[in-house]
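Reproduced below: structure_9.pdb, with PDB, C-alpha atoms.
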```
ATOM      1  CA  HIS A 516       1.608 -17.123-195.774
ATOM      2  CA  LEU A 517      -1.908 -18.362-195.060
ATOM      3  CA  GLY A 518      -3.826 -16.690-197.883
ATOM      4  CA  ASP A 519      -6.224 -13.816-198.501
ATOM      5  CA  TYR A 520      -3.699 -11.652-200.337
ATOM      6  CA  VAL A 521      -6.513 -10.017-202.324
ATOM      7  CA  ASP A 522      -9.763  -8.330-201.312
ATOM      8  CA  ARG A 523      -8.520  -7.335-197.866
ATOM      9  CA  GLY A 524      -7.559  -3.708-198.457
ATOM     10  CA  PRO A 525      -6.683  -1.142-201.105
ATOM     11  CA  ALA A 526      -3.327  -2.666-202.141
ATOM     12  CA  SER A 527      -4.049  -6.238-203.288
ATOM     13  CA  ALA A 528      -1.949  -5.926-206.447
ATOM     14  CA  GLN A 529       0.990  -4.663-204.407
ATOM     15  CA  VAL A 530       0.596  -7.468-201.860
ATOM     16  CA  VAL A 531       0.594 -10.105-204.607
ATOM     17  CA  LYS A 532       3.636  -8.488-206.230
ATOM     18  CA  ARG A 533       5.545  -8.404-202.939
ATOM     19  CA  ILE A 534       4.757 -12.006-202.022
ATOM     20  CA  ARG A 535       5.779 -13.210-205.483
ATOM     21  CA  GLU A 536       9.038 -11.247-205.140
ATOM     22  CA  MET A 537       9.652 -12.803-201.722
ATOM     23  CA  GLU A 538       9.190 -16.275-203.185
ATOM     24  CA  GLN A 539      11.755 -15.524-205.884
ATOM     25  CA  ASP A 540      14.224 -13.670-203.623
ATOM     26  CA  CYS A 541      14.378 -16.592-201.211
ATOM     27  CA  LYS A 542      15.203 -19.164-203.887
ATOM     28  CA  ILE A 543      18.890 -18.400-203.787
ATOM     29  CA  PRO A 544      21.232 -21.399-203.866
ATOM     30  CA  GLY A 545      22.609 -22.091-200.416
ATOM     31  CA  MET A 546      19.800 -20.343-198.536
ATOM     32  CA  LYS A 547      17.595 -22.424-196.305
ATOM     33  CA  VAL A 548      14.614 -20.052-196.304
ATOM     34  CA  ASP A 549      11.453 -21.173-198.049
ATOM     35  CA  VAL A 550       8.565 -18.814-198.639
ATOM     36  CA  ILE A 551       5.400 -20.867-198.806
ATOM     37  CA  SER A 552       2.213 -19.120-199.806
ATOM     38  CA  LEU A 553      -1.105 -20.916-199.422
ATOM     39  CA  MET A 554      -4.383 -20.178-201.129
ATOM     40  CA  GLY A 555      -7.145 -18.463-199.170
ATOM     41  CA  ASN A 556     -10.834 -18.240-199.919
ATOM     42  CA  HIS A 557     -10.458 -14.762-201.444
ATOM     43  CA  GLU A 558      -7.995 -16.054-204.019
ATOM     44  CA  ASP A 559     -10.504 -18.816-204.747
ATOM     45  CA  LEU A 560     -13.263 -16.243-205.245
ATOM     46  CA  MET A 561     -11.088 -14.217-207.614
ATOM     47  CA  ILE A 562     -10.000 -17.298-209.583
ATOM     48  CA  ASN A 563     -13.615 -18.430-209.988
ATOM     49  CA  ALA A 564     -14.649 -14.968-211.193
ATOM     50  CA  TYR A 565     -11.778 -15.017-213.681
ATOM     51  CA  ARG A 566     -12.052 -18.616-214.847
ATOM     52  CA  GLU A 567     -15.811 -19.004-214.928
ATOM     53  CA  GLY A 568     -16.926 -15.420-215.574
ATOM     54  CA  ARG A 569     -20.482 -16.332-214.572
ATOM     55  CA  PRO A 570     -22.487 -13.451-213.069
ATOM     56  CA  GLY A 571     -22.908 -15.338-209.781
ATOM     57  CA  ASP A 572     -19.178 -15.962-209.379
ATOM     58  CA  VAL A 573     -18.283 -12.419-210.366
ATOM     59  CA  GLY A 574     -20.943 -10.919-208.093
ATOM     60  CA  LEU A 575     -19.808 -13.017-205.137
ATOM     61  CA  TRP A 576     -16.230 -11.850-205.637
ATOM     62  CA  PHE A 577     -17.268  -8.201-206.053
ATOM     63  CA  ASN A 578     -19.351  -8.386-202.860
ATOM     64  CA  ASN A 579     -16.344  -9.725-200.948
ATOM     65  CA  GLY A 580     -13.700  -7.201-201.923
ATOM     66  CA  GLY A 581     -13.327  -7.598-205.682
ATOM     67  CA  TYR A 582     -13.831  -3.915-206.494
ATOM     68  CA  PRO A 583     -10.904  -2.647-204.372
ATOM     69  CA  THR A 584      -8.777  -5.438-205.857
ATOM     70  CA  LEU A 585      -9.600  -4.275-209.384
ATOM     71  CA  ASP A 586      -8.813  -0.694-208.326
ATOM     72  CA  SER A 587      -5.440  -1.767-206.941
ATOM     73  CA  TYR A 588      -4.584  -3.254-210.330
ATOM     74  CA  GLY A 589      -5.928  -0.166-212.110
ATOM     75  CA  VAL A 590      -8.271  -2.292-214.249
ATOM     76  CA  GLN A 591     -12.005  -2.521-214.946
ATOM     77  CA  THR A 592     -12.696  -6.279-215.036
ATOM     78  CA  GLN A 593     -11.269  -9.492-213.627
ATOM     79  CA  PHE A 594     -10.106 -10.373-217.154
ATOM     80  CA  ASP A 595      -7.739  -7.377-217.124
ATOM     81  CA  ILE A 596      -5.760  -8.622-214.124
ATOM     82  CA  PRO A 597      -2.369  -9.895-215.326
ATOM     83  CA  LEU A 598      -2.585 -13.523-216.403
ATOM     84  CA  GLU A 599       0.587 -14.406-214.475
ATOM     85  CA  ASP A 600      -0.995 -13.234-211.188
ATOM     86  CA  ASN A 601      -4.106 -15.310-211.839
ATOM     87  CA  GLN A 602      -2.002 -18.348-212.748
ATOM     88  CA  TRP A 603       0.126 -17.887-209.628
ATOM     89  CA  MET A 604      -3.013 -17.819-207.449
ATOM     90  CA  GLU A 605      -4.539 -20.791-209.229
ATOM     91  CA  ASN A 606      -1.422 -22.863-208.533
ATOM     92  CA  LEU A 607      -1.122 -22.014-204.838
ATOM     93  CA  PRO A 608      -1.283 -25.050-202.561
ATOM     94  CA  THR A 609      -4.050 -25.223-199.961
ATOM     95  CA  GLN A 610      -1.954 -26.829-197.241
ATOM     96  CA  TYR A 611       1.591 -27.238-196.061
ATOM     97  CA  LYS A 612       2.605 -30.139-193.837
ATOM     98  CA  ASP A 613       5.723 -29.865-191.715
ATOM     99  CA  GLU A 614       5.940 -33.610-191.170
ATOM    100  CA  ALA A 615       9.006 -33.445-188.924
ATOM    101  CA  ASN A 616       7.287 -31.161-186.414
ATOM    102  CA  LYS A 617       3.729 -32.378-187.078
ATOM    103  CA  ILE A 618       2.445 -28.912-187.932
ATOM    104  CA  LEU A 619      -0.173 -28.424-190.618
ATOM    105  CA  PHE A 620      -0.694 -24.964-192.118
ATOM    106  CA  VAL A 621      -3.971 -24.175-193.902
ATOM    107  CA  HIS A 622      -5.970 -21.039-194.594
ATOM    108  CA  ALA A 623      -9.247 -22.011-192.917
ATOM    109  CA  GLY A 624      -9.100 -25.443-191.328
ATOM    110  CA  ILE A 625      -9.576 -29.154-191.759
ATOM    111  CA  GLU A 626     -12.252 -31.783-191.477
ATOM    112  CA  TYR A 627     -10.942 -34.184-188.844
ATOM    113  CA  ARG A 628     -12.582 -37.203-190.522
ATOM    114  CA  GLU A 629     -10.597 -36.555-193.745
ATOM    115  CA  PHE A 630      -7.137 -36.102-192.251
ATOM    116  CA  PRO A 631      -4.534 -36.779-193.613
ATOM    117  CA  GLU A 632      -6.308 -36.695-197.011
ATOM    118  CA  MET A 633      -8.057 -33.353-197.231
ATOM    119  CA  HIS A 634     -10.220 -31.599-199.757
ATOM    120  CA  ARG A 635      -9.015 -28.320-201.241
ATOM    121  CA  GLN A 636     -12.281 -26.515-200.509
ATOM    122  CA  THR A 637     -12.194 -27.583-196.851
ATOM    123  CA  ASN A 638      -8.704 -26.127-196.393
ATOM    124  CA  ILE A 639      -9.749 -22.724-197.696
ATOM    125  CA  TRP A 640     -13.364 -22.403-196.554
ATOM    126  CA  THR A 641     -14.272 -24.513-193.504
ATOM    127  CA  ARG A 642     -15.763 -23.098-190.325
ATOM    128  CA  THR A 643     -17.411 -26.285-189.116
ATOM    129  CA  PHE A 644     -18.280 -26.976-185.507
ATOM    130  CA  SER A 645     -16.170 -30.125-185.611
ATOM    131  CA  PHE A 646     -13.052 -28.172-186.601
ATOM    132  CA  PHE A 647     -13.379 -25.806-183.659
ATOM    133  CA  ASN A 648     -14.305 -28.640-181.255
ATOM    134  CA  GLU A 649     -10.950 -30.400-180.977
ATOM    135  CA  ASP A 650     -12.314 -33.095-178.652
ATOM    136  CA  MET A 651     -13.956 -34.579-181.738
ATOM    137  CA  TRP A 652     -10.527 -34.979-183.334
ATOM    138  CA  ASP A 653      -9.827 -37.853-180.938
ATOM    139  CA  ASP A 654     -11.931 -40.013-183.288
ATOM    140  CA  ASN A 655      -9.054 -39.888-185.800
ATOM    141  CA  SER A 656      -5.746 -41.165-184.412
ATOM    142  CA  ALA A 657      -3.951 -39.815-187.514
ATOM    143  CA  LEU A 658      -4.356 -36.360-185.938
ATOM    144  CA  ASP A 659      -2.566 -37.363-182.729
ATOM    145  CA  ASP A 660       0.213 -34.887-181.906
ATOM    146  CA  TRP A 661      -0.576 -32.665-184.919
ATOM    147  CA  LEU A 662      -0.949 -28.905-184.558
ATOM    148  CA  VAL A 663      -3.087 -27.028-187.099
ATOM    149  CA  VAL A 664      -2.191 -23.380-187.775
ATOM    150  CA  HIS A 665      -4.895 -21.437-189.600
ATOM    151  CA  GLY A 666      -6.617 -18.104-190.074
ATOM    152  CA  HIS A 667      -9.911 -17.300-191.859
ATOM    153  CA  THR A 668     -12.055 -16.904-188.732
ATOM    154  CA  PRO A 669     -11.285 -13.694-186.836
ATOM    155  CA  LYS A 670     -11.301 -14.117-183.091
ATOM    156  CA  THR A 671      -9.645 -11.486-180.921
ATOM    157  CA  THR A 672      -6.698  -9.148-180.962
ATOM    158  CA  SER A 673      -4.545 -11.959-179.557
ATOM    159  CA  GLY A 674      -5.748 -14.805-181.773
ATOM    160  CA  GLU A 675      -6.733 -18.168-180.343
ATOM    161  CA  TRP A 676      -4.645 -21.204-179.464
ATOM    162  CA  SER A 677      -4.615 -24.596-177.804
ATOM    163  CA  ASP A 678      -2.367 -27.654-177.891
ATOM    164  CA  ARG A 679      -3.949 -28.744-181.189
ATOM    165  CA  ARG A 680      -4.909 -25.568-183.039
ATOM    166  CA  ILE A 681      -3.646 -22.006-183.438
ATOM    167  CA  ASN A 682      -5.849 -19.388-185.086
ATOM    168  CA  VAL A 683      -3.672 -16.445-186.147
ATOM    169  CA  ASP A 684      -6.553 -14.366-187.580
ATOM    170  CA  THR A 685      -6.918 -11.353-185.309
ATOM    171  CA  GLY A 686      -9.347  -9.543-187.620
ATOM    172  CA  ALA A 687      -6.742  -6.969-188.633
ATOM    173  CA  VAL A 688      -8.723  -6.213-191.799
ATOM    174  CA  PHE A 689     -11.612  -4.906-189.688
ATOM    175  CA  LYS A 690     -10.854  -1.513-188.138
ATOM    176  CA  ASP A 691     -13.101  -2.104-185.140
ATOM    177  CA  MET A 692     -11.925  -5.618-184.333
ATOM    178  CA  GLY A 693      -8.291  -6.503-184.546
ATOM    179  CA  VAL A 694      -4.705  -5.572-184.959
ATOM    180  CA  LEU A 695      -1.978  -7.224-186.958
TER     181      LEU A 695
END
```
Is it possible to give me this structure as structure tokens?
Amino acid sequence: HLGDYVDRGPASAQVVKRIREMEQDCKIPGMKVDVISLMGNHEDLMINAYREGRPGDVGLWFNNGGYPTLDSYGVQTQFDIPLEDNQWMENLPTQYKDEANKILFVHAGIEYREFPEMHRQTNIWTRTFSFFNEDMWDDNSALDDWLVVHGHTPKTTSGEWSDRRINVDTGAVFKDMGVL
């Protein structure tokens, strides 16, 4: 999962519950299915509102879907959201590397100059020109043969792909833009 489990509709609490159940259900001895959930920028916004509690952090989260998330939990403030859900979100990784197949999964993208060492905030927030201009990636041979799978930046109802990057965000959250 590439992130943004909260703030993207009226059922954030239910989405978080289901994903956490999937992670547990698939950890059965003998099964070869791993459920990997990455952090998105909306989890980051919620965590900052919870951890910091500063008016700016809280306001930013509220302006980006925080109110429906609170409603889905049936609570009034970010401090009333179950601690275990906040801790789960805070501990989500921001990237997953499938080394064998040279596929990198992130919520938003990468900075080609940093690869393979990447900053957490880049993985969940970036929308830089250099990320979307894959010709620039040639300056870093460590990216040779790697495919980056990401979301975060809605494109079209069919997503966007090339030999080096696949954007799976079809804008499904926006009624007038995309479909799941």
What does the PyMOL selection byres ((chain A and resi 570-581) around 12) select in this file, as JSON, numbers by chain?
{"A": [519, 520, 521, 522, 523, 524, 525, 526, 527, 528, 556, 557, 558, 559, 560, 561, 562, 563, 564, 565, 566, 567, 568, 569, 582, 583, 584, 585, 586, 587, 588, 590, 591, 592, 593, 594, 596, 688]}
Find the residues near Glu675 (chain A): any atom within 9 Å, counting only C-alpha atoms, skip ones fewer than 6 places away on the same chain, and give them as number ranges by chain.
A: 681-685
Separation of CA of His665 (chain A) from CA of Trp640 (chain A), in Å and rounded to one decimal:
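Pair CA of His665 (chain A) / CA of Trp640 (chain A) returns 11.0 Å.
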Of the residues A:Thr643, A:Gln602, A:Thr637, A:Ser552, which is the one nearest to Glu538 (chain A), using all atoms listed in the file?
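For Glu538 (chain A), the nearest of the candidates is A:Ser552.
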Using all atoms listed in the file, determine which residues lie at most 6 Å from Gln610 (chain A), disregarding the query and same-chain residues fewer than 2 positions distant; provide the list as an MDAnalysis selection string.
chainID A and resid 608 620:621
Exercise: Met604 (chain A) partners within 7 Å, all atoms listed in the file, chain neighbours under 3 positions left out, as a list in words
Met554, Glu558, Asp600, Asn601 and Leu607 of chain A
Could you list the residues chosen by the PyMOL selection byres ((chain A and resi 626) around 10) in this structure as a tab-separated table (two decimals) with C-alpha atoms, keeping the file's coordinate frame?
```tsv
chain	number	residue	atom	x	y	z
A	624	GLY	CA	-9.10	-25.44	-191.33
A	625	ILE	CA	-9.58	-29.15	-191.76
A	627	TYR	CA	-10.94	-34.18	-188.84
A	628	ARG	CA	-12.58	-37.20	-190.52
A	629	GLU	CA	-10.60	-36.56	-193.74
A	630	PHE	CA	-7.14	-36.10	-192.25
A	631	PRO	CA	-4.53	-36.78	-193.61
A	632	GLU	CA	-6.31	-36.70	-197.01
A	633	MET	CA	-8.06	-33.35	-197.23
A	634	HIS	CA	-10.22	-31.60	-199.76
A	637	THR	CA	-12.19	-27.58	-196.85
A	638	ASN	CA	-8.70	-26.13	-196.39
A	641	THR	CA	-14.27	-24.51	-193.50
A	642	ARG	CA	-15.76	-23.10	-190.32
A	643	THR	CA	-17.41	-26.28	-189.12
A	644	PHE	CA	-18.28	-26.98	-185.51
A	645	SER	CA	-16.17	-30.12	-185.61
A	646	PHE	CA	-13.05	-28.17	-186.60
A	647	PHE	CA	-13.38	-25.81	-183.66
A	652	TRP	CA	-10.53	-34.98	-183.33
```
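Reported to one decimal place, the separation of CA of Ala623 (chain A) from CA of Leu517 (chain A) is 8.5 Å.
The coordinates place CA of Asn606 (chain A) at 26.5 Å from CA of Leu658 (chain A).
Using all atoms listed in the file for every distance, the candidate list A:Trp603, A:Gln539, A:His516, A:Lys532 yields A:His516 as the residue closest to Val664 (chain A).
When all atoms listed in the file are used to measure the gap to Gln636 (chain A), the shortest distance among A:Ala615, A:Cys541, A:Thr609, A:Asp659 belongs to A:Thr609.
Using all atoms listed in the file for every distance, the candidate list A:Met651, A:Ala687, A:Val548, A:Leu553 yields A:Leu553 as the residue closest to Glu605 (chain A).
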Since the input lacks some atoms of region 585-601 of chain A, please model N, CA, C and O atoms and print them as a tab-separated table (two decimals), keeping the file's coordinate frame.
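Final output, result_20.tsv:
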```
chain	number	residue	atom	x	y	z
A	585	LEU	N	-9.69	-4.81	-208.02
A	585	LEU	CA	-9.60	-4.28	-209.38
A	585	LEU	C	-8.95	-2.89	-209.37
A	585	LEU	O	-8.08	-2.60	-210.19
A	586	ASP	N	-9.39	-2.05	-208.43
A	586	ASP	CA	-8.81	-0.69	-208.33
A	586	ASP	C	-7.31	-0.75	-208.09
A	586	ASP	O	-6.56	0.04	-208.64
A	587	SER	N	-6.87	-1.68	-207.25
A	587	SER	CA	-5.44	-1.77	-206.94
A	587	SER	C	-4.63	-2.14	-208.18
A	587	SER	O	-3.47	-1.76	-208.30
A	588	TYR	N	-5.24	-2.90	-209.08
A	588	TYR	CA	-4.58	-3.25	-210.33
A	588	TYR	C	-4.76	-2.17	-211.40
A	588	TYR	O	-4.13	-2.23	-212.45
A	589	GLY	N	-5.66	-1.22	-211.13
A	589	GLY	CA	-5.93	-0.17	-212.11
A	589	GLY	C	-6.66	-0.68	-213.34
A	589	GLY	O	-6.43	-0.21	-214.45
A	590	VAL	N	-7.54	-1.68	-213.14
A	590	VAL	CA	-8.27	-2.29	-214.25
A	590	VAL	C	-9.77	-2.26	-213.98
A	590	VAL	O	-10.22	-1.98	-212.87
A	591	GLN	N	-10.55	-2.58	-215.03
A	591	GLN	CA	-12.00	-2.52	-214.95
A	591	GLN	C	-12.67	-3.87	-214.69
A	591	GLN	O	-13.73	-3.94	-214.09
A	592	THR	N	-12.07	-4.96	-215.19
A	592	THR	CA	-12.70	-6.28	-215.04
A	592	THR	C	-11.66	-7.30	-214.55
A	592	THR	O	-10.45	-7.06	-214.66
A	593	GLN	N	-12.15	-8.43	-214.09
A	593	GLN	CA	-11.27	-9.49	-213.63
A	593	GLN	C	-10.42	-10.03	-214.77
A	593	GLN	O	-9.32	-10.55	-214.54
A	594	PHE	N	-10.87	-9.87	-216.00
A	594	PHE	CA	-10.11	-10.37	-217.15
A	594	PHE	C	-8.91	-9.49	-217.49
A	594	PHE	O	-8.06	-9.88	-218.28
A	595	ASP	N	-8.85	-8.29	-216.88
A	595	ASP	CA	-7.74	-7.38	-217.12
A	595	ASP	C	-6.60	-7.55	-216.12
A	595	ASP	O	-5.55	-6.93	-216.27
A	596	ILE	N	-6.82	-8.34	-215.09
A	596	ILE	CA	-5.76	-8.62	-214.12
A	596	ILE	C	-4.69	-9.45	-214.84
A	596	ILE	O	-5.02	-10.35	-215.62
A	597	PRO	N	-3.42	-9.16	-214.61
A	597	PRO	CA	-2.37	-9.90	-215.33
A	597	PRO	C	-2.53	-11.41	-215.20
A	597	PRO	O	-2.74	-11.95	-214.11
A	598	LEU	N	-2.43	-12.07	-216.34
A	598	LEU	CA	-2.58	-13.52	-216.40
A	598	LEU	C	-1.63	-14.23	-215.44
A	598	LEU	O	-2.01	-15.18	-214.77
A	599	GLU	N	-0.39	-13.74	-215.34
A	599	GLU	CA	0.59	-14.41	-214.48
A	599	GLU	C	0.18	-14.35	-213.00
A	599	GLU	O	0.46	-15.28	-212.25
A	600	ASP	N	-0.52	-13.29	-212.58
A	600	ASP	CA	-1.00	-13.23	-211.19
A	600	ASP	C	-2.12	-14.24	-210.98
A	600	ASP	O	-2.17	-14.93	-209.95
A	601	ASN	N	-3.04	-14.33	-211.94
A	601	ASN	CA	-4.11	-15.31	-211.84
A	601	ASN	C	-3.56	-16.73	-211.84
A	601	ASN	O	-4.01	-17.57	-211.07
```
